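Report on the following structure.
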Amino acid sequence: MPVFETEALILRTYNLAEADKIVVCLSRSAGLIRGVAKGCRKLKNRFGAALEPFTLINLTYYEKENRELVSFRQVEILKSRFNLSANASILTGFSYMGDLLVDFSPPHQANDNLYRMALACFEAASETPEDLDAVLRYFEVWLLKLEGFLPDLRACGNCHRAFSDEAVYLGADLSLRCLECTNGKGGAVSKRVYAQLRTTEKLSPAKFGEEMREVPKATKREMAELTFKLIGRVLERLPRIRPAS
Ligand SMILES: [Zn+2]
């Protein structure tokens, strides 16, 4: 049986039988992995407390041929987030990001940009929990972008003319459009939200969080509604968790 080693972020766990767990994690070198940790719920076990959601681990696992589930062999904690387990809004936000990573990532396909972006978002929200909402917006925009679902922010989705300083509209297909191409249909995207969307392209999630502190609440709400619509369209349903914003 081939053995692999990778850094990974635990997204979810489920109990299995009496003493085992199924662990879903996003790994650096193999993308989304589902694995069985045998005996991990026994009092004495080789995994210790390493299999808590949102822990960053170094994972060694076996892969069996033709099986989607891998077997966890050894886990070493690189970063525990146990200190945040009492913060309900952070846990909801983390679960939301974890759910979206599971929904958007095809199993066993490494995506280094996605992995690094996700890690930076978990890190930024852990370091500065008060910036959680902004970090979630950043995460949504980048997740859409890296998976190829973000509408073009620079040019009209219909006539492909680059936006300059004009008003930008949201088309029925959720692409961004110029005034002429919307024919008066579809809502305008406010200049502030448009500016925030463009800002995500330039900053790290931590810096974006800082920047958003000065942004009015109405703008934050409008941005959250827009990203939620875009995510919902990809999933063809609403996300199971909606963090308050
Ligand atoms: Zn146009």
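Just so we're on the same page: first chain in the structure tokens is A, next is B, and so on; residues restart at 1 for each chain, and ligands are numbered from 1 in the order they show up.
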I'd like the neighbourhood of range 216-224 of chain A as a ChimeraX atom specification, where a residue qualifies if any of its atoms comes within 10 Å (using only C-alpha atoms), though same-chain residues fewer than 6 positions away should be ignored. /A:133-134,136-137,140,189-194,196-197,230,243-245
Using only C-alpha atoms and all ligand atoms, which protein or nucleic acid residues are at most 7 Å from ligand 1, as a ChimeraX atom specification? /A:156-161,177-181
Nearest to Lys145 in chain A among A:Glu166, A:Asp20, A:Glu201, A:Glu123, with distances taken over only C-alpha atoms: which residue is it? A:Glu201
Mind listing the alpha helix (DSSP H) residues of range 26-200 of chain A, per DSSP on the backbone, as a ChimeraX atom specification? /A:88-104,112-127,132-146,179-182,191-200
Report as JSON lines: every residue of range 93-190 of chain A with an atom at most 12 Å from range 50-55 of chain A, its closest pair of atoms, and their distance in Å to one decimal, counting only C-alpha atoms, with rows sorted by chain and ascending residue number.
{"residue": "A:Gly93", "atom": "CA", "partner": "A:Phe54", "partner_atom": "CA", "distance": 11.2}
{"residue": "A:Phe94", "atom": "CA", "partner": "A:Phe54", "partner_atom": "CA", "distance": 7.4}
{"residue": "A:Ser95", "atom": "CA", "partner": "A:Phe54", "partner_atom": "CA", "distance": 8.6}
{"residue": "A:Tyr96", "atom": "CA", "partner": "A:Phe54", "partner_atom": "CA", "distance": 11.6}
{"residue": "A:Met97", "atom": "CA", "partner": "A:Phe54", "partner_atom": "CA", "distance": 10.2}
{"residue": "A:Gly98", "atom": "CA", "partner": "A:Phe54", "partner_atom": "CA", "distance": 8.3}
{"residue": "A:Asp99", "atom": "CA", "partner": "A:Pro53", "partner_atom": "CA", "distance": 11.6}
{"residue": "A:Ala118", "atom": "CA", "partner": "A:Phe54", "partner_atom": "CA", "distance": 11.0}
{"residue": "A:Leu119", "atom": "CA", "partner": "A:Phe54", "partner_atom": "CA", "distance": 9.8}
{"residue": "A:Cys121", "atom": "CA", "partner": "A:Phe54", "partner_atom": "CA", "distance": 11.7}
{"residue": "A:Phe122", "atom": "CA", "partner": "A:Phe54", "partner_atom": "CA", "distance": 8.2}
{"residue": "A:Glu123", "atom": "CA", "partner": "A:Phe54", "partner_atom": "CA", "distance": 10.3}
{"residue": "A:Ala125", "atom": "CA", "partner": "A:Phe54", "partner_atom": "CA", "distance": 11.9}
{"residue": "A:Ser126", "atom": "CA", "partner": "A:Phe54", "partner_atom": "CA", "distance": 10.5}
Extract, using only C-alpha atoms, all DNA, RNA and protein residues at most 12 Å from Leu235 in chain A, discarding same-chain residues fewer than 5 positions from it, and format them as an mmCIF file with C-alpha atoms, in the first residue's frame.
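To be explicit, this is the file written out as out_3.cif:
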data_model
loop_
_atom_site.group_PDB
_atom_site.id
_atom_site.type_symbol
_atom_site.label_atom_id
_atom_site.label_comp_id
_atom_site.auth_asym_id
_atom_site.auth_seq_id
_atom_site.Cartn_x
_atom_site.Cartn_y
_atom_site.Cartn_z
ATOM 1 C CA ASP A 99 -18.466 23.340 4.178
ATOM 2 C CA LEU A 100 -17.732 25.453 1.130
ATOM 3 C CA LEU A 101 -14.289 23.869 0.719
ATOM 4 C CA VAL A 102 -15.920 20.420 0.804
ATOM 5 C CA ASP A 103 -18.584 21.532 -1.696
ATOM 6 C CA PHE A 104 -16.201 23.251 -4.108
ATOM 7 C CA SER A 105 -13.139 20.987 -4.054
ATOM 8 C CA LEU A 144 -15.287 31.602 -6.519
ATOM 9 C CA PHE A 149 -16.990 30.916 -10.878
ATOM 10 C CA PHE A 228 -24.085 34.699 -1.167
ATOM 11 C CA LYS A 229 -26.040 34.873 -4.430
ATOM 12 C CA LEU A 230 -22.941 33.872 -6.412
ATOM 13 C CA ARG A 240 -26.262 25.072 4.861
#
Please determine, counting only C-alpha atoms, which residue among A:Val75, A:Val70, A:Leu132, A:Val3 has the shortest atom-to-atom distance to Ser89 in chain A. A:Leu132
Do you know which residues are at most 8 Å from range 21-34 of chain A counting only C-alpha atoms, after dropping those on the same chain fewer than 4 positions away, and could you put them as a CSV table (one decimal) with N, CA, C and O atoms, in the first residue's frame?
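Dumped to around.csv:
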chain,number,residue,atom,x,y,z
A,6,THR,N,1.4,14.6,4.0
A,6,THR,CA,1.1,15.9,3.6
A,6,THR,C,0.6,16.8,4.7
A,6,THR,O,0.2,16.3,5.8
A,7,GLU,N,0.7,18.1,4.5
A,7,GLU,CA,0.1,19.0,5.5
A,7,GLU,C,-1.3,19.1,5.2
A,7,GLU,O,-1.7,19.0,4.0
A,8,ALA,N,-2.2,19.2,6.2
A,8,ALA,CA,-3.6,19.2,5.9
A,8,ALA,C,-4.4,20.0,7.0
A,8,ALA,O,-4.0,20.1,8.1
A,9,LEU,N,-5.5,20.5,6.6
A,9,LEU,CA,-6.4,21.2,7.5
A,9,LEU,C,-7.7,20.4,7.7
A,9,LEU,O,-8.4,20.1,6.7
A,10,ILE,N,-8.0,20.0,8.9
A,10,ILE,CA,-9.2,19.2,9.2
A,10,ILE,C,-10.4,20.1,9.0
A,10,ILE,O,-10.5,21.2,9.7
A,11,LEU,N,-11.4,19.6,8.2
A,11,LEU,CA,-12.6,20.4,8.0
A,11,LEU,C,-13.8,19.9,8.8
A,11,LEU,O,-14.6,20.7,9.3
A,12,ARG,N,-13.9,18.6,8.9
A,12,ARG,CA,-15.1,18.0,9.5
A,12,ARG,C,-14.7,16.6,10.0
A,12,ARG,O,-13.8,16.0,9.4
A,13,THR,N,-15.4,16.1,11.0
A,13,THR,CA,-15.2,14.7,11.4
A,13,THR,C,-16.6,14.1,11.7
A,13,THR,O,-17.5,14.8,12.1
A,14,TYR,N,-16.7,12.8,11.5
A,14,TYR,CA,-17.9,12.1,11.8
A,14,TYR,C,-17.5,10.8,12.6
A,14,TYR,O,-16.5,10.2,12.3
A,15,ASN,N,-18.3,10.4,13.6
A,15,ASN,CA,-18.1,9.2,14.3
A,15,ASN,C,-18.4,8.0,13.4
A,15,ASN,O,-19.4,8.1,12.6
A,16,LEU,N,-17.6,7.0,13.5
A,16,LEU,CA,-17.8,5.8,12.7
A,16,LEU,C,-17.7,4.6,13.6
A,16,LEU,O,-16.7,4.5,14.3
A,17,ALA,N,-18.6,3.7,13.6
A,17,ALA,CA,-18.6,2.5,14.4
A,17,ALA,C,-18.4,3.0,15.9
A,17,ALA,O,-18.8,4.0,16.3
A,38,LYS,N,-8.7,4.9,12.6
A,38,LYS,CA,-9.1,3.8,13.4
A,38,LYS,C,-8.7,3.9,14.8
A,38,LYS,O,-7.6,4.3,15.2
A,39,GLY,N,-9.7,3.7,15.7
A,39,GLY,CA,-9.5,3.6,17.1
A,39,GLY,C,-9.2,5.0,17.8
A,39,GLY,O,-8.9,5.1,18.9
A,40,CYS,N,-9.5,6.1,17.0
A,40,CYS,CA,-9.2,7.4,17.6
A,40,CYS,C,-10.1,7.8,18.7
A,40,CYS,O,-9.8,8.8,19.4
A,41,ARG,N,-11.2,7.1,18.9
A,41,ARG,CA,-12.1,7.5,20.0
A,41,ARG,C,-11.8,6.7,21.2
A,41,ARG,O,-12.5,6.8,22.2
A,51,LEU,N,-7.3,15.3,16.1
A,51,LEU,CA,-8.3,15.2,15.0
A,51,LEU,C,-9.5,16.1,15.3
A,51,LEU,O,-10.6,15.8,14.9
A,68,GLU,N,-12.3,5.3,-2.0
A,68,GLU,CA,-12.2,6.7,-1.9
A,68,GLU,C,-11.7,7.1,-0.5
A,68,GLU,O,-11.1,8.1,-0.4
A,69,LEU,N,-12.0,6.3,0.5
A,69,LEU,CA,-11.5,6.6,1.8
A,69,LEU,C,-10.0,6.1,2.0
A,69,LEU,O,-9.7,5.0,1.8
A,70,VAL,N,-9.2,7.0,2.5
A,70,VAL,CA,-7.8,6.6,2.8
A,70,VAL,C,-7.8,6.2,4.3
A,70,VAL,O,-8.7,6.4,5.0
A,101,LEU,N,-15.5,24.6,1.3
A,101,LEU,CA,-14.3,23.9,0.7
A,101,LEU,C,-14.7,22.4,0.3
A,101,LEU,O,-14.2,22.0,-0.7
A,102,VAL,N,-15.5,21.8,1.1
A,102,VAL,CA,-15.9,20.4,0.8
A,102,VAL,C,-16.8,20.5,-0.5
A,102,VAL,O,-16.6,19.6,-1.4
A,105,SER,N,-14.4,21.6,-3.7
A,105,SER,CA,-13.1,21.0,-4.1
A,105,SER,C,-13.4,19.6,-4.5
A,105,SER,O,-13.9,18.7,-3.8
A,106,PRO,N,-13.0,19.3,-5.7
A,106,PRO,CA,-13.1,17.9,-6.2
A,106,PRO,C,-12.1,17.0,-5.4
A,106,PRO,O,-11.0,17.5,-5.1
A,107,PRO,N,-12.4,15.8,-4.9
A,107,PRO,CA,-11.5,15.0,-4.1
A,107,PRO,C,-10.2,14.7,-4.8
A,107,PRO,O,-10.2,14.5,-6.1
A,108,HIS,N,-9.2,14.6,-4.1
A,108,HIS,CA,-7.9,14.1,-4.6
A,108,HIS,C,-7.3,15.0,-5.7
A,108,HIS,O,-6.7,14.5,-6.6
A,109,GLN,N,-7.6,16.3,-5.7
A,109,GLN,CA,-7.0,17.2,-6.7
A,109,GLN,C,-6.4,18.3,-6.0
A,109,GLN,O,-7.0,19.2,-5.5
A,110,ALA,N,-5.0,18.3,-6.0
A,110,ALA,CA,-4.3,19.3,-5.3
A,110,ALA,C,-4.5,20.7,-5.9
A,110,ALA,O,-4.6,20.8,-7.2
A,111,ASN,N,-4.7,21.7,-5.1
A,111,ASN,CA,-4.8,23.1,-5.6
A,111,ASN,C,-4.1,24.0,-4.6
A,111,ASN,O,-4.7,24.3,-3.6
A,112,ASP,N,-2.8,24.2,-4.9
A,112,ASP,CA,-2.0,24.9,-4.0
A,112,ASP,C,-2.5,26.3,-3.7
A,112,ASP,O,-2.5,26.8,-2.5
A,115,TYR,N,-5.4,26.0,-1.3
A,115,TYR,CA,-5.0,25.6,0.0
A,115,TYR,C,-4.4,26.8,0.8
A,115,TYR,O,-4.7,27.0,1.9
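Using only C-alpha atoms, the smallest distance between any of A:Phe47, A:Ala120, A:Thr227, A:Thr128 and Ser204 in chain A comes from A:Ala120.
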